[in-house]
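This report refers to the structure that appears directly beneath it.
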Amino acid sequence: MQELFVFSLYMLYGLIFIAIGFTIFFRDLRFSHLSIASALPTLAIFGFIHGLHEWSELYLHVYQEELMMHQTVKILKVVKLWTSFIALGYFALQMLAMTKWRFRSQLFLITQVVTALFFVGVVYRYFSQDLYIFVRETTFQIRWLFGSGAGMLAGAALMNYSKKLKQEERKAAGAVGYLGISIIVYGLFAGLFYIEHIIVGPMIRTLLALVMLIYLRKTLELFDAERQQQIERSLHQVLHNDKLRDIGELASGIAHEIKTPLSSALMRCDLLEKQIARSEYDRDNAQRQLEHIRKGLLKAAYISQEILQFSHKRIPVKQRLSVAECIQDSLELMVHRLNDFQVKQDIAPDLFFYADKEQLEEVVINIVNNAIDASIDKRVIFIHAEQRGLRIKLSITDFGTGIDESIKDKVLLPFFTTKDKSTGTGLGLTLCQKMLEQNQGKLSFFNTKNGLCVEIELPMES
C-alpha cells in the first residue's frame, strides 16, 4: 500500500512541474511588451527538467536494488538534479536583470564566482573522495546553492517586479509577487530544509509545487489583459482613422476651394500695386486699402493652410521618447519667445512614452505659446510629468487668468479662439488634439489657483 502511495505521489509531483512547463509553453508571448515574457520560457524549461527528474527518481526508487549499485547511476542522479536547478538559476538571473537593485552587478559577479568555485570543487572531490561521500556532499551543495539560492533570488526578483506591475496598475500584479514567494519556499524545502523521508518530503514539495502552478496561471493573466488592451487600441485606431479620413477629405476639399481664388486675388494685388506706382491719383489712400485687402487675404490663406494641415493623413512614426529630452528639445525651438520667462520643470529623467517626436514637439510648442500669450504679470511656466499606471501625464501650467468656465466646452472646437482675430485662427488646440489622438493620447485642461493647466496624456507602450 505504501509503495502505491509513493508511486502516485511522485507521479503527481513530476506531473505538476510538467504542467508548469506546458502552461508557459502553450502561451503566445511573442507580441507582449512585458519584460517578464522573455524570462518565462526559461521557467518552463525548469519545469520540464525538474518534472522529468522527479519521475526518474521514482524509477530509481522502484528499481533501486538493481540500479543503485552502479556508479553511473549515482553520477547521473547528481547531474540531472544540477541540470534542473541550473535552469531555475538562469531564470533568476534573467529576472535579476529586470530589477533596479543597487547591488545588481555585484550579485551577478557573486553568482558567477560561486558557480565557478562549485565546479572546481566538484572536479577536485570526484578524484579525491569516496564515491558515496562525493555523491552525498555534492547533492547537498547543489540543493543549497542552486536549489535554495536560485529559488530565493528568483522569488525576490519576482516580488520586486510585482511592485513595478502594481505601479503600472497591471491586472494580476499581486499574483506575480505570490509566485515569487512560492518559488522561495519551494527552493528552501528543496535545498536547505530538504526532508529525505520518502513520503513527508515529497508530499510537502508536491503541495508547494501545486501552489507555484496556481499562481503561475494567475500570473499569465497579465498577458490576457495586455492582449485585450492591444486589440481594443487597434480597434479604436481603425475606427478613428476612418473618422479622420472622412473629415480630412471634406476639409481638404474646402481648403482647396478657398485657396485657389485667394491665390488669384493676391496676384491681382501685386499687379494693382504696380499700377498705383504709375498713376496720379491718391496713392496713399489706395495703398492703405491694398494693405487691408492683403491682410485679409493673407489671413484667409493662412486659415486654408491650417485646414490642409488638419486634413493631412500623416502616419505617426512612434518611438520610445524620453519625456525630459522631448520637452527640452521643444523649448529650445522657441527660445526667442522664452527670453523673459522662467520655465520650471519637474520631470524625472527615467520617464518615457511612445509617440511621434515631430508631432509631440509641435503640440508642446503650441501649448507653451498659448501659455506665453496668456501670461500677463507673472512670467512663469511650470512643466510637470508623472507616471500613472501605464501612461504618462504631462502638465503645462501658466500663471495667467485661466479660462472662463462658460467657454471651456468650446475651446477645442475648430476656429474658436479667445485671442484677437488678427493673431489666432482657433485651430491650434484642435490640431493638438488630433495629433495626440493619433498617438493614443488625450488632451485636457482645467483652471488652477495660478492659471490654466493643460494636461497631455500619452501611453508608455506602443
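Going by the C-alpha cells order, chains are called A, B, ..., each with residues numbered from 1, while ligands are numbered from 1 in the order shown.
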
Which residues are near stretch 83-90 of chain A? Cut-off 7 Å, only C-alpha atoms, ignore same chain within fewer than 2 positions. Put them as a PyMOL selection string. chain A and resi 42-43+45-46+49-50+79-81+92-94+146-147+150

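Residues in contact range of stretch 210-220 of chain A, defined as at most 6 Å between only C-alpha atoms, with sequence neighbours fewer than 2 positions away removed, read Ile20, Ala172, Ala175, Val176, Leu179, Ser182, Leu207, Leu208, Leu222 and Phe223 of chain A.
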
Atoms to include: N, CA, C and O atoms. Write the selected residues as a compact mmCIF listing (two decimals), in the first residue's frame.
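The resulting result04.txt:
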# COMPACT_ATOMS: atom_id res chain seq x y z
N ILE A 20 3.62 22.95 -15.31
CA ILE A 20 4.20 24.31 -15.27
C ILE A 20 4.88 24.62 -16.59
O ILE A 20 4.72 25.71 -17.16
N ALA A 172 -3.39 41.20 -12.19
CA ALA A 172 -2.63 40.03 -11.71
C ALA A 172 -1.23 40.39 -11.23
O ALA A 172 -0.38 39.51 -11.11
N ALA A 175 -0.38 38.45 -8.14
CA ALA A 175 -0.08 37.03 -8.35
C ALA A 175 1.40 36.82 -8.63
O ALA A 175 1.97 35.79 -8.25
N VAL A 176 2.04 37.79 -9.29
CA VAL A 176 3.48 37.68 -9.57
C VAL A 176 4.27 37.65 -8.26
O VAL A 176 5.22 36.88 -8.10
N LEU A 179 3.74 34.31 -6.65
CA LEU A 179 4.53 33.31 -7.36
C LEU A 179 5.98 33.35 -6.87
O LEU A 179 6.61 32.30 -6.66
N SER A 182 6.15 31.66 -3.46
CA SER A 182 6.05 30.21 -3.56
C SER A 182 7.34 29.58 -4.08
O SER A 182 7.74 28.49 -3.64
N LEU A 207 2.88 19.82 -2.63
CA LEU A 207 1.93 20.89 -2.30
C LEU A 207 2.49 22.26 -2.69
O LEU A 207 1.77 23.11 -3.24
N LEU A 208 3.78 22.46 -2.43
CA LEU A 208 4.40 23.74 -2.79
C LEU A 208 4.46 23.92 -4.31
O LEU A 208 4.25 25.02 -4.83
N LEU A 222 -1.76 38.29 -16.86
CA LEU A 222 -1.14 39.55 -17.30
C LEU A 222 -1.20 39.67 -18.81
O LEU A 222 -1.52 40.74 -19.36
N PHE A 223 -0.87 38.58 -19.49
CA PHE A 223 -0.78 38.61 -20.94
C PHE A 223 -2.16 38.61 -21.59
O PHE A 223 -2.33 39.17 -22.68

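Omitting A:Glu226 and its sequence neighbours fewer than 4 positions away, and counting only C-alpha atoms, the residues within 10 Å are A:Phe31, A:Ser32, A:His33, A:Leu34, A:Arg170, A:Lys171, A:Glu221, A:Leu222, A:Gln230, A:Ile231, A:Glu232.
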
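Taking atom CA of A:Gly155 and atom CA of A:Ile183 as endpoints, the distance between them is 5.5 Å.
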
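Among the candidate residues A:Gln141, A:Gln319, A:Gln433, A:Asn450, the one lying nearest to A:Asp377 is A:Asn450, with distances computed using only C-alpha atoms.
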
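The two atoms in question, atom CA of A:His236 and atom CA of A:Glu461, are spaced 15.5 Å apart.
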
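With atom CA of A:Ala355 on one side and atom CA of A:Ser162 on the other, the separation reads 26.3 Å.
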
Which residue is closest to A:Val200? Choose from A:Val78, A:Arg27, A:Cys326, A:Val6 and count only C-alpha atoms. A:Val6

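Every protein or nucleic acid residue with an atom no more than 12 Å from A:Tyr354, counting only C-alpha atoms and leaving out same-chain residues fewer than 5 positions away, appears here: Pro316, Val317, Lys318, Gln319, Arg320, Leu321, Ser322, Val323, Cys326, Gln359, Leu360, Leu390, Arg391, Ile392, Leu436, Gln438, Asn439, Gln440, Gly441, Glu457, Leu458, Pro459, Met460, Glu461 and Ser462 of chain A.
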
Write out, as a short mmCIF file (atom, residue, chain, number, x, y, z; two decimals), in the first residue's frame, the residues just selected, with N, CA, C and O atoms.
data_model
loop_
_atom_site.label_atom_id
_atom_site.label_comp_id
_atom_site.auth_asym_id
_atom_site.auth_seq_id
_atom_site.Cartn_x
_atom_site.Cartn_y
_atom_site.Cartn_z
N PRO A 316 1.77 58.56 -37.95
CA PRO A 316 2.77 58.85 -36.91
C PRO A 316 3.90 57.82 -36.90
O PRO A 316 3.65 56.62 -37.06
N VAL A 317 5.11 58.29 -36.74
CA VAL A 317 6.28 57.40 -36.59
C VAL A 317 6.61 57.35 -35.10
O VAL A 317 7.32 58.21 -34.57
N LYS A 318 6.08 56.35 -34.43
CA LYS A 318 6.20 56.29 -32.98
C LYS A 318 7.53 55.68 -32.57
O LYS A 318 8.02 54.76 -33.21
N GLN A 319 8.08 56.20 -31.50
CA GLN A 319 9.32 55.69 -30.95
C GLN A 319 9.37 55.96 -29.45
O GLN A 319 8.57 56.74 -28.93
N ARG A 320 10.27 55.30 -28.78
CA ARG A 320 10.42 55.49 -27.34
C ARG A 320 11.14 56.81 -27.10
O ARG A 320 12.29 56.99 -27.50
N LEU A 321 10.45 57.75 -26.45
CA LEU A 321 10.98 59.10 -26.25
C LEU A 321 11.15 59.38 -24.77
O LEU A 321 10.26 59.08 -23.97
N SER A 322 12.25 59.99 -24.43
CA SER A 322 12.44 60.48 -23.07
C SER A 322 11.61 61.75 -22.89
O SER A 322 11.68 62.67 -23.71
N VAL A 323 10.80 61.78 -21.85
CA VAL A 323 9.94 62.94 -21.63
C VAL A 323 10.78 64.20 -21.44
O VAL A 323 10.52 65.24 -22.04
N CYS A 326 12.45 65.36 -24.72
CA CYS A 326 11.47 65.87 -25.68
C CYS A 326 11.04 67.29 -25.30
O CYS A 326 10.93 68.16 -26.17
N GLN A 359 5.40 65.34 -34.02
CA GLN A 359 4.06 65.75 -33.64
C GLN A 359 4.02 66.22 -32.18
O GLN A 359 3.37 67.22 -31.86
N LEU A 360 4.71 65.49 -31.32
CA LEU A 360 4.68 65.86 -29.91
C LEU A 360 5.35 67.21 -29.67
O LEU A 360 4.87 68.02 -28.87
N LEU A 390 0.10 52.82 -16.76
CA LEU A 390 0.92 52.63 -17.95
C LEU A 390 0.92 53.87 -18.84
O LEU A 390 1.18 53.78 -20.04
N ARG A 391 0.60 55.03 -18.28
CA ARG A 391 0.55 56.26 -19.06
C ARG A 391 1.32 57.36 -18.36
O ARG A 391 1.53 57.32 -17.14
N ILE A 392 1.76 58.31 -19.16
CA ILE A 392 2.48 59.48 -18.64
C ILE A 392 1.54 60.68 -18.74
O ILE A 392 0.92 60.90 -19.78
N LEU A 436 -2.53 64.18 -30.86
CA LEU A 436 -2.46 63.33 -29.67
C LEU A 436 -3.32 62.09 -29.83
O LEU A 436 -2.93 60.99 -29.41
N GLN A 438 -3.91 60.57 -32.58
CA GLN A 438 -3.17 59.67 -33.47
C GLN A 438 -2.09 58.89 -32.72
O GLN A 438 -1.66 57.84 -33.17
N ASN A 439 -1.67 59.40 -31.57
CA ASN A 439 -0.66 58.74 -30.74
C ASN A 439 -1.27 58.08 -29.51
O ASN A 439 -0.58 57.84 -28.52
N GLN A 440 -2.59 57.80 -29.56
CA GLN A 440 -3.33 57.21 -28.44
C GLN A 440 -3.24 58.08 -27.18
O GLN A 440 -3.17 57.57 -26.05
N GLY A 441 -3.19 59.38 -27.38
CA GLY A 441 -3.10 60.31 -26.26
C GLY A 441 -4.39 61.09 -26.06
O GLY A 441 -5.36 60.96 -26.80
N GLU A 457 -1.79 63.39 -21.98
CA GLU A 457 -1.67 62.01 -21.50
C GLU A 457 -1.27 61.13 -22.68
O GLU A 457 -1.89 61.14 -23.73
N LEU A 458 -0.16 60.37 -22.49
CA LEU A 458 0.36 59.51 -23.56
C LEU A 458 0.74 58.15 -22.99
O LEU A 458 1.12 58.03 -21.83
N PRO A 459 0.66 57.09 -23.83
CA PRO A 459 0.98 55.75 -23.34
C PRO A 459 2.48 55.51 -23.24
O PRO A 459 3.28 56.11 -23.96
N MET A 460 2.86 54.56 -22.35
CA MET A 460 4.26 54.16 -22.23
C MET A 460 4.59 52.98 -23.13
O MET A 460 5.74 52.56 -23.22
N GLU A 461 3.57 52.44 -23.80
CA GLU A 461 3.77 51.31 -24.69
C GLU A 461 3.23 51.65 -26.07
O GLU A 461 2.30 52.43 -26.20
N SER A 462 3.85 51.06 -27.09
CA SER A 462 3.39 51.31 -28.45
C SER A 462 2.11 50.53 -28.72
O SER A 462 1.81 49.56 -28.05
#

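Using only C-alpha atoms, the nearest neighbour of A:Ser330 within the list A:Val113, A:Leu40, A:Ile396, A:Val363 is A:Val363.
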
Min atom-atom distance to A:Leu12 from the set A:Asn241, A:Thr206, A:Thr430, A:Gln342, counting only C-alpha atoms, belongs to A:Thr206

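Among the candidates A:Asp356, A:Glu196, A:Asp409, A:Glu362, the residue lying nearest to A:Gly428 is A:Glu362 (atoms considered: only C-alpha atoms).
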